[in-house]
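Peer 1: Below you'll find coords.txt; it's compact mmCIF, C-alpha atoms.
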# COMPACT_ATOMS: atom_id res chain seq x y z
CA MET A 1 -137.06 259.57 4.58
CA SER A 2 -137.46 261.14 8.03
CA GLU A 3 -135.15 263.84 9.35
CA ILE A 4 -133.98 261.47 12.11
CA THR A 5 -133.07 258.81 9.52
CA LYS A 6 -131.19 261.38 7.45
CA LYS A 7 -129.19 262.49 10.49
CA THR A 8 -128.44 258.86 11.39
CA ASP A 9 -127.28 258.13 7.84
CA ARG A 10 -125.03 261.20 7.85
CA ARG A 11 -123.50 260.11 11.16
CA ILE A 12 -122.79 256.66 9.75
CA VAL A 13 -121.14 258.16 6.68
CA ARG A 14 -119.04 260.52 8.82
CA SER A 15 -117.93 257.76 11.16
CA LYS A 16 -116.98 255.46 8.28
CA ILE A 17 -114.96 258.21 6.61
CA ALA A 18 -113.19 258.98 9.90
CA LEU A 19 -112.37 255.32 10.52
CA ARG A 20 -111.06 254.83 6.97
CA GLU A 21 -108.88 257.94 7.26
CA SER A 22 -107.67 256.82 10.66
CA LEU A 23 -106.58 253.40 9.39
CA LEU A 24 -104.79 254.91 6.39
CA ALA A 25 -103.00 257.44 8.60
CA LEU A 26 -101.82 254.65 10.90
CA MET A 27 -100.77 252.50 7.93
CA SER A 28 -98.51 255.33 6.79
CA GLN A 29 -96.69 254.96 10.11
CA LYS A 30 -96.66 251.22 10.83
CA PRO A 31 -97.55 247.80 9.35
CA PHE A 32 -101.21 246.91 9.05
CA THR A 33 -100.74 243.76 11.11
CA SER A 34 -99.52 245.74 14.11
CA ILE A 35 -102.43 248.21 14.13
CA SER A 36 -105.13 247.60 16.73
CA ILE A 37 -108.78 248.56 16.65
CA THR A 38 -108.19 250.61 19.80
CA GLU A 39 -105.59 252.67 17.94
CA ILE A 40 -107.94 253.17 15.00
CA VAL A 41 -110.85 254.44 17.10
CA GLU A 42 -108.66 256.62 19.31
CA PHE A 43 -107.05 258.23 16.27
CA ALA A 44 -110.51 258.83 14.78
CA ASN A 45 -111.83 260.14 18.11
CA TYR A 46 -114.57 257.49 18.29
CA ASN A 47 -115.17 254.49 20.52
CA ARG A 48 -115.08 250.75 19.90
CA GLY A 49 -118.87 250.61 19.85
CA THR A 50 -118.92 252.93 16.83
CA PHE A 51 -116.32 250.77 15.10
CA TYR A 52 -118.24 247.53 15.59
CA ALA A 53 -121.47 249.20 14.51
CA ASN A 54 -119.86 249.63 11.10
CA TYR A 55 -117.21 246.91 10.76
CA GLU A 56 -116.56 243.43 12.08
CA SER A 57 -112.78 243.77 12.08
CA LYS A 58 -109.92 245.93 10.86
CA GLU A 59 -109.70 243.60 7.84
CA ASP A 60 -113.33 244.45 7.08
CA LEU A 61 -112.43 248.15 7.28
CA LEU A 62 -109.50 247.61 4.92
CA ASP A 63 -111.76 245.73 2.50
CA ASP A 64 -114.12 248.72 2.53
CA ILE A 65 -111.26 251.05 1.58
CA ILE A 66 -110.09 248.79 -1.24
CA SER A 67 -113.64 248.17 -2.48
CA GLN A 68 -114.31 251.89 -2.70
CA LEU A 69 -111.10 252.45 -4.64
CA THR A 70 -111.93 249.57 -6.96
CA ASP A 71 -115.43 250.89 -7.64
CA GLN A 72 -113.96 254.30 -8.50
CA LEU A 73 -111.33 252.63 -10.68
CA LEU A 74 -113.99 250.78 -12.66
CA GLN A 75 -115.96 253.99 -13.11
CA SER A 76 -112.89 255.75 -14.50
CA PHE A 77 -112.06 252.75 -16.73
CA ARG A 78 -115.56 252.78 -18.23
CA ALA A 79 -115.49 256.52 -18.94
CA PRO A 80 -114.36 256.32 -22.61
CA TYR A 81 -116.99 253.78 -23.67
CA GLU A 82 -119.96 253.79 -21.28
CA HIS A 83 -122.07 256.12 -23.45
CA VAL A 84 -121.26 254.70 -26.89
CA GLU A 85 -122.41 251.59 -28.71
CA VAL A 86 -119.19 251.13 -30.67
CA PHE A 87 -115.89 251.93 -28.97
CA ARG A 88 -113.31 252.86 -31.64
CA ILE A 89 -109.96 252.37 -29.97
CA GLN A 90 -107.90 254.01 -32.72
CA GLU A 91 -110.03 257.17 -32.46
CA LEU A 92 -109.82 257.34 -28.66
CA PRO A 93 -108.82 260.86 -27.53
CA ALA A 94 -106.28 260.94 -24.71
CA LYS A 95 -108.43 263.25 -22.57
CA SER A 96 -111.19 260.63 -22.42
CA VAL A 97 -108.90 258.24 -20.52
CA MET A 98 -109.85 258.96 -16.92
CA ILE A 99 -108.05 256.14 -15.15
CA PHE A 100 -104.91 258.19 -14.45
CA ASP A 101 -107.01 260.98 -12.96
CA HIS A 102 -108.48 258.46 -10.53
CA PHE A 103 -105.07 257.35 -9.29
CA TYR A 104 -103.72 260.88 -9.12
CA GLN A 105 -106.73 262.15 -7.15
CA ASN A 106 -106.20 259.32 -4.66
CA SER A 107 -102.41 259.53 -4.75
CA SER A 108 -101.93 259.68 -0.97
CA ILE A 109 -104.05 256.57 -0.44
CA TYR A 110 -102.31 254.59 -3.17
CA THR A 111 -98.87 255.69 -1.95
CA THR A 112 -99.71 254.38 1.52
CA LEU A 113 -101.10 251.08 0.22
CA MET A 114 -98.14 250.62 -2.16
CA LYS A 115 -95.75 250.69 0.81
CA SER A 116 -97.88 248.31 2.84
CA GLU A 117 -98.01 244.53 3.11
CA VAL A 118 -101.60 244.69 1.83
CA LEU A 119 -100.42 245.62 -1.68
CA PRO A 120 -100.93 242.07 -3.09
CA LYS A 121 -104.54 242.19 -1.88
CA LEU A 122 -105.08 245.54 -3.59
CA LYS A 123 -103.57 244.36 -6.88
CA GLU A 124 -105.56 241.12 -6.89
CA LYS A 125 -108.86 242.90 -6.20
CA MET A 126 -108.27 245.45 -8.96
CA PHE A 127 -107.04 242.90 -11.47
CA ASN A 128 -110.04 240.62 -10.97
CA ALA A 129 -112.48 243.54 -11.20
CA LEU A 130 -110.94 244.83 -14.44
CA LYS A 131 -110.77 241.34 -15.93
CA LYS A 132 -114.46 240.79 -15.18
CA ILE A 133 -115.70 243.98 -16.86
CA THR A 134 -113.40 243.69 -19.89
CA GLN A 135 -114.72 240.20 -20.56
CA GLU A 136 -118.35 241.13 -19.92
CA GLU A 137 -118.52 244.61 -21.46
CA LEU A 138 -116.03 244.72 -24.34
CA PHE A 139 -116.24 242.53 -27.44
CA TYR A 140 -114.01 242.70 -30.52
CA PRO A 141 -115.87 241.65 -33.69
CA ASP A 142 -112.76 242.07 -35.85
CA GLN A 143 -110.46 240.17 -33.50
CA ASP A 144 -108.26 237.40 -34.86
CA ASN A 145 -110.11 234.16 -34.01
CA GLU A 146 -106.81 232.54 -33.08
CA ILE A 147 -106.33 234.94 -30.16
CA ASP A 148 -107.72 233.67 -26.87
CA GLN A 149 -110.05 236.36 -25.48
CA GLU A 150 -109.24 235.58 -21.83
CA LEU A 151 -105.49 235.60 -22.40
CA LEU A 152 -105.77 238.87 -24.30
CA SER A 153 -107.69 240.39 -21.40
CA ILE A 154 -105.10 239.18 -18.86
CA TYR A 155 -102.23 240.48 -20.99
CA SER A 156 -103.83 243.91 -21.44
CA ILE A 157 -104.77 244.38 -17.79
CA HIS A 158 -101.35 243.36 -16.49
CA ALA A 159 -99.77 245.83 -18.91
CA LEU A 160 -102.06 248.65 -17.81
CA LEU A 161 -101.73 248.02 -14.08
CA GLY A 162 -97.98 247.54 -14.43
CA LEU A 163 -97.72 250.96 -16.03
CA ILE A 164 -99.91 252.54 -13.36
CA PHE A 165 -98.14 251.01 -10.37
CA HIS A 166 -94.78 252.01 -11.85
CA TRP A 167 -96.16 255.56 -12.04
CA ILE A 168 -97.16 255.39 -8.38
CA GLU A 169 -93.74 254.02 -7.39
CA SER A 170 -92.11 256.94 -9.21
CA GLU A 171 -94.15 259.23 -6.92
CA PHE A 172 -96.29 260.38 -9.84
CA LYS A 173 -93.30 261.67 -11.78
CA TYR A 174 -95.48 262.54 -14.76
CA SER A 175 -98.78 264.40 -14.96
CA PRO A 176 -102.04 262.48 -15.61
CA SER A 177 -102.33 264.17 -19.02
CA TYR A 178 -98.84 262.98 -20.00
CA MET A 179 -99.71 259.43 -18.93
CA GLN A 180 -102.97 259.60 -20.89
CA ASP A 181 -101.14 260.70 -24.01
CA GLN A 182 -98.44 258.05 -23.65
CA LEU A 183 -100.97 255.26 -23.13
CA ILE A 184 -102.83 256.18 -26.32
CA LYS A 185 -99.55 256.24 -28.26
CA MET A 186 -98.60 252.81 -26.86
CA ILE A 187 -102.01 251.34 -27.75
CA ASN A 188 -101.75 252.56 -31.34
CA TRP A 189 -98.08 251.66 -31.79
CA ARG A 190 -97.67 248.58 -33.98
CA PRO A 191 -93.95 247.79 -34.36
CA THR A 192 -93.04 245.30 -37.08
CA SER A 193 -89.30 245.05 -36.43
CA ALA A 194 -86.64 245.97 -33.90
CA LYS A 195 -82.94 246.61 -34.33
CA THR A 196 -80.82 244.55 -31.95
CA VAL A 197 -77.64 245.54 -30.15
CA VAL A 198 -76.67 242.00 -29.14
CA ARG A 199 -73.02 241.26 -29.81
CA SER A 200 -71.47 237.83 -30.14
CA THR A 201 -69.19 236.81 -27.27
CA HIS A 202 -66.66 235.68 -29.89
CA ASP A 203 -66.19 239.19 -31.31
Please express what this file holds, its structure, as structure tokens.

Peer 2:
Amino acid sequence: MSEITKKTDRRIVRSKIALRESLLALMSQKPFTSISITEIVEFANYNRGTFYANYESKEDLLDDIISQLTDQLLQSFRAPYEHVEVFRIQELPAKSVMIFDHFYQNSSIYTTLMKSEVLPKLKEKMFNALKKITQEELFYPDQDNEIDQELLSIYSIHALLGLIFHWIESEFKYSPSYMQDQLIKMINWRPTSAKTVVRSTHD
């Protein structure tokens, strides 16, 4: 690769980072739908030509932000099992669960997106990505044949993302290590009964 090409590539990377940061900064102040491309480039100290050299629209820029987050999310999700042939869930150490670290390291971005009207888009993208890899990369040889694999995957992912988005909404009330530990305990918890506190209306 020539030195000129390297410099061009670095400029492209820098401009994309600046435009992504600009959009997120503006989204922390106003709705996505009311943000213009002119505002984005002025905030980033670039021009419209630079914007259109990288993106077709502000929606394309938003998709780039969400796609990058999703790719990082998948990388963190794979961390406990990507280097092993057999993934023993009951022996999973809490520190190997990297998904909470991903969200915590990107806390400012997720906080902004959580308060935005683009949140459904973010959730859908992440759900579909996690569903795809769980169905393609994880198989359970000892699973009860009566359990539908797709439904199990949907159930598990909704539970995980529900826990994570609650954590974000609480402004990261707990540390990533605490969340890791709690998730492992929840996965291994197998309740067989529950005491009720329901009282008859006739009492």

Peer 1: Measuring between all atoms listed in the file, which one of A:Val97, A:Ile168, A:Leu152, A:Ala44 shows the shortest distance to Thr111 (chain A)?

Peer 2: A:Ile168

Peer 1: Check the smallest atom-to-atom distance from each of A:Tyr81, A:Val198, A:Asn47, A:Ser76 to Phe100 (chain A) using all atoms listed in the file, then report the winner.

Peer 2: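 Result for the nearest residue to Phe100 (chain A): A:Ser76.
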
Peer 1: As an exercise, work out the distance from CA of Phe32 (chain A) to CA of Glu117 (chain A) in Å and give it to one decimal place.

Peer 2: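 Atom-to-atom, CA of Phe32 (chain A) and CA of Glu117 (chain A) are spaced 7.2 Å apart.
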
Peer 1: Would you list the contacts of Phe172 (chain A) as a PyMOL selection string, taking every protein, DNA or RNA residue within 12 Å and counting only C-alpha atoms, but skipping same-chain residues closer than 6 positions in sequence?

Peer 2: chain A and resi 100-101+103-108+110-111+163-166+178-179

Peer 1: Write out as number ranges by chain the residues lying within 12 Å of Arg88 (chain A), counting only C-alpha atoms and excluding same-chain residues fewer than 2 positions away.

Peer 2: A: 80-81, 84-86, 90-93, 138-142, 188

Peer 1: Which one is closest to Gly49 (chain A): A:Val13, A:Ile37, A:Ile65, A:Ala25? Count all atoms listed in the file.

Peer 2: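 Of all the options, A:Ile37 lies closest to Gly49 (chain A).
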
Peer 1: Distance cut-off 6 Å, centre (-105.3, 251.8, 11.9) in file coordinates, counting only C-alpha atoms: which residues qualify? Return them as a list of chain:residue names.

Peer 2: A:Ser22, A:Leu23, A:Leu26, A:Ile35, A:Ile40

Peer 1: To one decimal place, how far is CA of Thr70 (chain A) from CA of Met126 (chain A) in Å?

Peer 2: 5.9 Å

Peer 1: Work out how far CA of Ile17 (chain A) is from CA of Val118 (chain A), in Å to one decimal.

Peer 2: 19.6 Å

Peer 1: Pick out the closest residue to Phe127 (chain A) from this set: A:His158, A:His102, A:Lys115, A:Lys16. Count all atoms listed in the file.

Peer 2: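 With all atoms listed in the file as the atom set, the closest residue is A:His158.
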
Peer 1: Between A:Leu183, A:Leu160, A:Ala18, A:Ala53, which one has atoms that come closest to Lys95 (chain A), using all atoms listed in the file?

Peer 2: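 For Lys95 (chain A), the nearest of the given residues is A:Leu183.
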
Peer 1: Using only C-alpha atoms, which of the listed residues (A:Glu21, A:Ile157, A:Lys195, A:Ser116) sits closest to Gln135 (chain A)?

Peer 2: A:Ile157

Peer 1: Output as JSON the centre and edge lengths (Å, one decimal) of the box along x, y and z of the file that holds every listed atom of region 7-20 of chain A after adding 5 Å on each side.

Peer 2:
{"center_x": -120.1, "center_y": 258.7, "center_z": 9.0, "size_x": 28.1, "size_y": 17.7, "size_z": 14.8}

Peer 1: Where atoms are absent from region 102-128 of chain A, fill them in so it carries N, CA, C and O atoms, then output it as a PDB file, in the coordinates of the input.

Peer 2:
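New file result_6.pdb:
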ATOM      1  N   HIS A 102    -108.050 259.163 -11.741  1.00  0.00           N
ATOM      2  CA  HIS A 102    -108.480 258.460 -10.530  1.00  0.00           C
ATOM      3  C   HIS A 102    -107.304 258.197  -9.597  1.00  0.00           C
ATOM      4  O   HIS A 102    -107.368 258.479  -8.397  1.00  0.00           O
ATOM      5  N   PHE A 103    -106.225 257.663 -10.137  1.00  0.00           N
ATOM      6  CA  PHE A 103    -105.070 257.350  -9.290  1.00  0.00           C
ATOM      7  C   PHE A 103    -104.411 258.607  -8.744  1.00  0.00           C
ATOM      8  O   PHE A 103    -103.971 258.639  -7.598  1.00  0.00           O
ATOM      9  N   TYR A 104    -104.363 259.639  -9.559  1.00  0.00           N
ATOM     10  CA  TYR A 104    -103.720 260.880  -9.120  1.00  0.00           C
ATOM     11  C   TYR A 104    -104.546 261.556  -8.017  1.00  0.00           C
ATOM     12  O   TYR A 104    -103.993 262.069  -7.042  1.00  0.00           O
ATOM     13  N   GLN A 105    -105.861 261.542  -8.163  1.00  0.00           N
ATOM     14  CA  GLN A 105    -106.730 262.150  -7.150  1.00  0.00           C
ATOM     15  C   GLN A 105    -106.672 261.408  -5.818  1.00  0.00           C
ATOM     16  O   GLN A 105    -106.941 261.989  -4.760  1.00  0.00           O
ATOM     17  N   ASN A 106    -106.329 260.140  -5.874  1.00  0.00           N
ATOM     18  CA  ASN A 106    -106.200 259.320  -4.660  1.00  0.00           C
ATOM     19  C   ASN A 106    -104.741 258.951  -4.398  1.00  0.00           C
ATOM     20  O   ASN A 106    -104.451 257.902  -3.832  1.00  0.00           O
ATOM     21  N   SER A 107    -103.846 259.832  -4.812  1.00  0.00           N
ATOM     22  CA  SER A 107    -102.410 259.530  -4.750  1.00  0.00           C
ATOM     23  C   SER A 107    -101.925 259.206  -3.336  1.00  0.00           C
ATOM     24  O   SER A 107    -101.106 258.295  -3.150  1.00  0.00           O
ATOM     25  N   SER A 108    -102.404 259.928  -2.337  1.00  0.00           N
ATOM     26  CA  SER A 108    -101.930 259.680  -0.970  1.00  0.00           C
ATOM     27  C   SER A 108    -102.358 258.302  -0.474  1.00  0.00           C
ATOM     28  O   SER A 108    -101.589 257.606   0.207  1.00  0.00           O
ATOM     29  N   ILE A 109    -103.567 257.889  -0.847  1.00  0.00           N
ATOM     30  CA  ILE A 109    -104.050 256.570  -0.440  1.00  0.00           C
ATOM     31  C   ILE A 109    -103.241 255.470  -1.127  1.00  0.00           C
ATOM     32  O   ILE A 109    -102.773 254.521  -0.483  1.00  0.00           O
ATOM     33  N   TYR A 110    -103.057 255.613  -2.441  1.00  0.00           N
ATOM     34  CA  TYR A 110    -102.310 254.590  -3.170  1.00  0.00           C
ATOM     35  C   TYR A 110    -100.848 254.536  -2.734  1.00  0.00           C
ATOM     36  O   TYR A 110    -100.254 253.455  -2.659  1.00  0.00           O
ATOM     37  N   THR A 111    -100.262 255.665  -2.416  1.00  0.00           N
ATOM     38  CA  THR A 111     -98.870 255.690  -1.950  1.00  0.00           C
ATOM     39  C   THR A 111     -98.748 254.918  -0.644  1.00  0.00           C
ATOM     40  O   THR A 111     -97.803 254.140  -0.449  1.00  0.00           O
ATOM     41  N   THR A 112     -99.710 255.108   0.247  1.00  0.00           N
ATOM     42  CA  THR A 112     -99.710 254.380   1.520  1.00  0.00           C
ATOM     43  C   THR A 112     -99.874 252.888   1.298  1.00  0.00           C
ATOM     44  O   THR A 112     -99.133 252.075   1.867  1.00  0.00           O
ATOM     45  N   LEU A 113    -100.831 252.499   0.469  1.00  0.00           N
ATOM     46  CA  LEU A 113    -101.100 251.080   0.220  1.00  0.00           C
ATOM     47  C   LEU A 113     -99.937 250.418  -0.526  1.00  0.00           C
ATOM     48  O   LEU A 113     -99.643 249.238  -0.300  1.00  0.00           O
ATOM     49  N   MET A 114     -99.274 251.161  -1.410  1.00  0.00           N
ATOM     50  CA  MET A 114     -98.140 250.620  -2.160  1.00  0.00           C
ATOM     51  C   MET A 114     -96.990 250.233  -1.248  1.00  0.00           C
ATOM     52  O   MET A 114     -96.228 249.307  -1.535  1.00  0.00           O
ATOM     53  N   LYS A 115     -96.851 250.943  -0.127  1.00  0.00           N
ATOM     54  CA  LYS A 115     -95.750 250.690   0.810  1.00  0.00           C
ATOM     55  C   LYS A 115     -96.143 249.708   1.909  1.00  0.00           C
ATOM     56  O   LYS A 115     -95.359 249.446   2.814  1.00  0.00           O
ATOM     57  N   SER A 116     -97.352 249.187   1.809  1.00  0.00           N
ATOM     58  CA  SER A 116     -97.880 248.310   2.840  1.00  0.00           C
ATOM     59  C   SER A 116     -97.858 246.845   2.417  1.00  0.00           C
ATOM     60  O   SER A 116     -97.775 246.525   1.231  1.00  0.00           O
ATOM     61  N   GLU A 117     -97.969 245.969   3.403  1.00  0.00           N
ATOM     62  CA  GLU A 117     -98.010 244.530   3.110  1.00  0.00           C
ATOM     63  C   GLU A 117     -99.347 244.104   2.516  1.00  0.00           C
ATOM     64  O   GLU A 117     -99.516 242.944   2.124  1.00  0.00           O
ATOM     65  N   VAL A 118    -100.294 245.024   2.420  1.00  0.00           N
ATOM     66  CA  VAL A 118    -101.600 244.690   1.830  1.00  0.00           C
ATOM     67  C   VAL A 118    -101.607 244.920   0.321  1.00  0.00           C
ATOM     68  O   VAL A 118    -102.635 244.709  -0.331  1.00  0.00           O
ATOM     69  N   LEU A 119    -100.485 245.328  -0.246  1.00  0.00           N
ATOM     70  CA  LEU A 119    -100.420 245.620  -1.680  1.00  0.00           C
ATOM     71  C   LEU A 119    -100.869 244.443  -2.553  1.00  0.00           C
ATOM     72  O   LEU A 119    -101.627 244.651  -3.505  1.00  0.00           O
ATOM     73  N   PRO A 120    -100.448 243.190  -2.263  1.00  0.00           N
ATOM     74  CA  PRO A 120    -100.930 242.070  -3.090  1.00  0.00           C
ATOM     75  C   PRO A 120    -102.451 241.957  -3.100  1.00  0.00           C
ATOM     76  O   PRO A 120    -103.044 241.633  -4.132  1.00  0.00           O
ATOM     77  N   LYS A 121    -103.080 242.230  -1.974  1.00  0.00           N
ATOM     78  CA  LYS A 121    -104.540 242.190  -1.880  1.00  0.00           C
ATOM     79  C   LYS A 121    -105.170 243.248  -2.775  1.00  0.00           C
ATOM     80  O   LYS A 121    -106.156 242.987  -3.474  1.00  0.00           O
ATOM     81  N   LEU A 122    -104.592 244.438  -2.747  1.00  0.00           N
ATOM     82  CA  LEU A 122    -105.080 245.540  -3.590  1.00  0.00           C
ATOM     83  C   LEU A 122    -104.953 245.180  -5.062  1.00  0.00           C
ATOM     84  O   LEU A 122    -105.910 245.340  -5.839  1.00  0.00           O
ATOM     85  N   LYS A 123    -103.800 244.694  -5.477  1.00  0.00           N
ATOM     86  CA  LYS A 123    -103.570 244.360  -6.880  1.00  0.00           C
ATOM     87  C   LYS A 123    -104.501 243.243  -7.349  1.00  0.00           C
ATOM     88  O   LYS A 123    -105.040 243.301  -8.458  1.00  0.00           O
ATOM     89  N   GLU A 124    -104.691 242.238  -6.513  1.00  0.00           N
ATOM     90  CA  GLU A 124    -105.560 241.120  -6.890  1.00  0.00           C
ATOM     91  C   GLU A 124    -107.004 241.581  -7.064  1.00  0.00           C
ATOM     92  O   GLU A 124    -107.675 241.207  -8.031  1.00  0.00           O
ATOM     93  N   LYS A 125    -107.481 242.408  -6.138  1.00  0.00           N
ATOM     94  CA  LYS A 125    -108.860 242.900  -6.200  1.00  0.00           C
ATOM     95  C   LYS A 125    -109.063 243.722  -7.480  1.00  0.00           C
ATOM     96  O   LYS A 125    -110.071 243.548  -8.189  1.00  0.00           O
ATOM     97  N   MET A 126    -108.130 244.599  -7.790  1.00  0.00           N
ATOM     98  CA  MET A 126    -108.270 245.450  -8.960  1.00  0.00           C
ATOM     99  C   MET A 126    -108.131 244.652 -10.250  1.00  0.00           C
ATOM    100  O   MET A 126    -108.875 244.873 -11.210  1.00  0.00           O
ATOM    101  N   PHE A 127    -107.221 243.717 -10.273  1.00  0.00           N
ATOM    102  CA  PHE A 127    -107.040 242.900 -11.470  1.00  0.00           C
ATOM    103  C   PHE A 127    -108.301 242.098 -11.769  1.00  0.00           C
ATOM    104  O   PHE A 127    -108.789 242.081 -12.912  1.00  0.00           O
ATOM    105  N   ASN A 128    -108.850 241.448 -10.760  1.00  0.00           N
ATOM    106  CA  ASN A 128    -110.040 240.620 -10.970  1.00  0.00           C
ATOM    107  C   ASN A 128    -111.240 241.466 -11.398  1.00  0.00           C
ATOM    108  O   ASN A 128    -112.038 241.033 -12.239  1.00  0.00           O
TER     109      ASN A 128
END
